[in-house]
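Reproduced below: run_21.txt, with compact mmCIF, C-alpha atoms.
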```txt
# COMPACT_ATOMS: atom_id res chain seq x y z
CA MET W 455 243.77 44.62 70.65
CA THR W 456 241.52 47.48 71.68
CA PRO W 457 240.84 50.52 69.53
CA ILE W 458 243.03 52.68 71.73
CA ASP W 459 245.92 50.29 71.30
CA ARG W 460 245.43 50.41 67.53
CA LEU W 461 245.60 54.24 67.63
CA ARG W 462 248.80 54.14 69.63
CA ALA W 463 250.30 51.80 67.09
CA ILE W 464 249.88 54.34 64.28
CA ASP W 465 252.84 56.54 63.48
CA PRO W 466 252.70 59.80 65.51
CA ALA W 467 253.25 61.94 62.39
CA ALA W 468 250.34 60.20 60.60
CA ARG W 469 248.23 60.63 63.72
CA ALA W 470 248.99 64.37 63.76
CA ARG W 471 248.13 64.69 60.04
CA ALA W 472 244.84 62.86 60.60
CA ALA W 473 244.03 65.11 63.57
CA ARG W 474 244.80 68.25 61.50
CA ALA W 475 242.67 66.95 58.61
CA GLY W 476 239.82 66.26 61.03
CA ILE W 477 240.08 69.75 62.50
CA TRP W 478 240.05 71.28 58.97
CA ILE W 479 236.98 69.23 58.01
CA VAL W 480 235.12 70.30 61.15
CA ALA W 481 236.18 73.94 60.61
CA GLY W 482 235.01 73.76 56.99
CA LEU W 483 231.65 72.34 58.01
CA LEU W 484 231.25 75.03 60.67
CA LEU W 485 232.14 77.71 58.12
CA LEU W 486 229.59 76.36 55.62
CA ASN W 487 226.96 76.28 58.35
CA LEU W 488 227.89 79.84 59.35
CA LEU W 489 227.39 81.08 55.80
CA PHE W 490 224.56 78.95 54.45
CA GLY W 491 222.76 77.57 57.51
CA ASP W 492 219.30 78.48 58.75
CA MET W 493 220.77 81.13 61.04
CA GLY W 494 223.72 81.90 58.77
CA VAL W 495 225.07 85.16 57.46
CA LEU W 496 223.23 84.99 54.12
CA SER W 497 219.95 84.22 55.88
CA GLY W 498 220.50 87.20 58.19
CA ILE W 499 221.10 89.49 55.22
CA ARG W 500 217.88 88.29 53.57
CA GLN W 501 215.96 88.80 56.81
CA ARG W 502 217.32 92.34 57.26
CA ARG W 503 216.35 93.20 53.68
CA ALA W 504 212.83 91.79 54.20
CA ALA W 505 212.50 93.71 57.48
CA SER W 506 213.45 97.00 55.81
CA GLN W 507 210.93 96.37 53.02
CA LEU W 508 208.24 95.66 55.61
CA ARG W 509 209.13 98.85 57.49
CA ALA W 510 208.76 100.85 54.27
CA GLU W 511 205.41 99.17 53.58
CA VAL W 512 204.21 99.94 57.10
CA ALA W 513 205.23 103.59 56.68
CA ALA W 514 203.35 103.82 53.36
CA LEU W 515 200.26 102.20 54.88
CA GLN W 516 200.45 104.54 57.88
CA THR W 517 200.56 107.55 55.53
CA GLU W 518 197.57 106.18 53.62
CA HIS W 519 195.74 105.54 56.90
CA ASP W 520 196.37 109.11 58.06
CA ALA W 521 195.06 110.49 54.76
CA ILE W 522 191.92 108.37 54.97
CA ALA W 523 191.40 109.37 58.62
CA ALA W 524 191.70 113.05 57.66
CA ASP W 525 189.19 112.52 54.84
CA ILE W 526 186.78 110.81 57.24
CA GLN W 527 187.17 113.69 59.68
CA ALA W 528 186.45 116.18 56.90
CA LEU W 529 183.38 114.21 55.82
CA ASN W 530 182.09 114.13 59.41
CA SER W 531 182.70 117.78 60.21
CA ASN W 532 182.73 119.79 56.96
CA PRO W 533 179.46 120.01 54.98
CA PHE W 534 181.29 121.73 52.10
CA ARG W 535 183.39 118.57 51.62
CA ILE W 536 180.22 116.52 51.19
CA GLU W 537 178.83 119.11 48.78
CA SER W 538 182.02 119.11 46.72
CA ILE W 539 181.85 115.31 46.40
CA ALA W 540 178.18 115.54 45.36
CA ARG W 541 179.07 118.13 42.73
CA GLU W 542 182.22 116.53 41.36
CA GLU W 543 181.48 112.82 41.47
CA LEU W 544 177.69 112.71 41.18
CA GLY W 545 177.18 115.76 38.96
CA LEU W 546 174.62 117.32 41.31
CA ALA W 547 173.74 121.01 41.63
CA ARG W 548 171.51 123.12 43.81
CA PRO W 549 168.03 123.92 42.48
CA GLY W 550 168.16 126.94 40.19
CA GLU W 551 171.91 126.73 39.57
CA ILE W 552 173.22 126.84 36.03
CA ILE W 553 176.01 124.42 35.25
CA PHE W 554 178.31 125.09 32.31
CA LEU W 555 179.78 121.88 30.94
CA PHE W 556 182.72 121.94 28.59
CA PRO W 557 183.57 118.91 26.45
CA SER W 558 186.82 117.21 27.22
CA GLY W 559 189.50 117.58 24.53
CA GLY W 560 189.25 114.27 22.63
CA GLY W 561 185.55 113.35 22.54
CA ALA W 562 182.98 114.33 19.99
CA ALA W 563 179.83 116.17 21.02
CA PRO W 564 176.75 113.99 21.63
CA PRO W 565 173.93 114.10 19.06
CA ALA W 566 171.48 116.99 19.44
CA GLY W 567 168.52 114.68 20.18
CA ALA W 568 170.31 112.58 22.79
CA ALA W 569 168.60 112.50 26.15
CA PRO W 570 170.70 113.07 29.25
CA PRO W 571 171.16 110.03 31.48
CA ALA W 572 168.68 109.73 34.32
CA ARG W 573 170.10 110.56 37.75
CA THR W 574 168.60 110.29 41.17
CA ALA W 575 169.65 112.57 43.99
CA PRO W 576 169.55 111.76 47.70
CA ALA W 577 166.72 113.65 49.33
CA ALA W 578 168.76 114.77 52.34
CA SER W 579 171.56 116.40 50.38
CA GLY W 580 169.62 119.46 49.19
CA LEU W 581 171.23 119.10 45.76
CA ALA W 582 169.42 118.23 42.56
CA PRO W 583 170.80 116.56 39.43
CA SER W 584 172.40 119.12 37.17
CA THR W 585 170.68 119.30 33.80
CA ALA W 586 171.38 122.08 31.38
CA PRO W 587 169.33 122.29 28.18
CA GLY W 588 171.05 120.56 25.28
CA THR W 589 173.89 119.07 27.34
CA THR W 590 174.51 115.81 29.08
CA SER W 591 175.65 115.49 32.65
CA PRO W 592 179.10 113.89 32.88
CA ALA W 593 180.31 112.30 36.08
CA ARG W 594 182.65 115.25 36.72
CA PRO W 595 181.51 118.67 35.49
CA LYS W 596 184.41 120.93 34.48
CA ALA W 597 183.10 124.30 35.72
CA ALA W 598 180.09 125.54 37.65
CA SER W 599 178.74 128.93 38.59
CA ARG W 600 177.46 129.20 42.13
CA ARG W 601 174.79 131.46 43.58
CA ARG W 602 174.52 131.62 47.34
```

Since I need it in another form, could you write the structure as structure tokens?
Amino acid sequence: MTPIDRLRAIDPAARARAARAGIWIVAGLLLLNLLFGDMGVLSGIRQRRAASQLRAEVAALQTEHDAIAADIQALNSNPFRIESIAREELGLARPGEIIFLFPSGGGAAPPAGAAPPARTAPAASGLAPSTAPGTTSPARPKAASRRR
């Protein structure tokens, strides 16, 4: 007896139930693959969320890039920008300028005999290290008087 003959010998109602059960099993497997497979719905949701996070990161980096490009442009074209950096970050001043330094709120004043830290100024900048008698030169002076 061949396999086809054996199938024909089975009761038609049992054959229909077996066919329905097979269809439900295949449908269930397809549904599971649709939800949890590599290209499933849940994977698509995760990928959309990751793509939106990457878009936000790209936008933030683009904003940062634009700010840095504007700063570079200012450094290349505006000599006052370079001077402000020399004054604020390096504590430099023009020769003959008097710098008034105010202590920041929490720190104690340095001892009267303390020597100010040694600073070297770039020769091309035209600015000299700011040294006021009896004070030290912090990295960022609070106020300065300018003569031009």

Separation of atom CA of Glu537 of chain W and atom CA of Glu551 of chain W, in Å?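 Taking atom CA of Glu537 of chain W and atom CA of Glu551 of chain W, their separation equals 13.8 Å.
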
Please compute the atom CA of Glu543 of chain W-atom CA of Ile526 of chain W distance, one decimal, in Å.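 Atom CA of Ile526 of chain W lies at a distance of 16.8 Å from atom CA of Glu543 of chain W.
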
Atom CA of Gln501 of chain W and atom CA of Asn487 of chain W are how many Å apart?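 Between atom CA of Gln501 of chain W and atom CA of Asn487 of chain W the gap works out to 16.7 Å.
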
Hey, can I get the axis-aligned box for segment 555-558 of chain W? All listed atoms, 5 Å padding on each side, centre and edge lengths in Å to one decimal, as JSON.
```
{"center_x": 183.3, "center_y": 119.6, "center_z": 28.7, "size_x": 17.0, "size_y": 14.7, "size_z": 14.5}
```
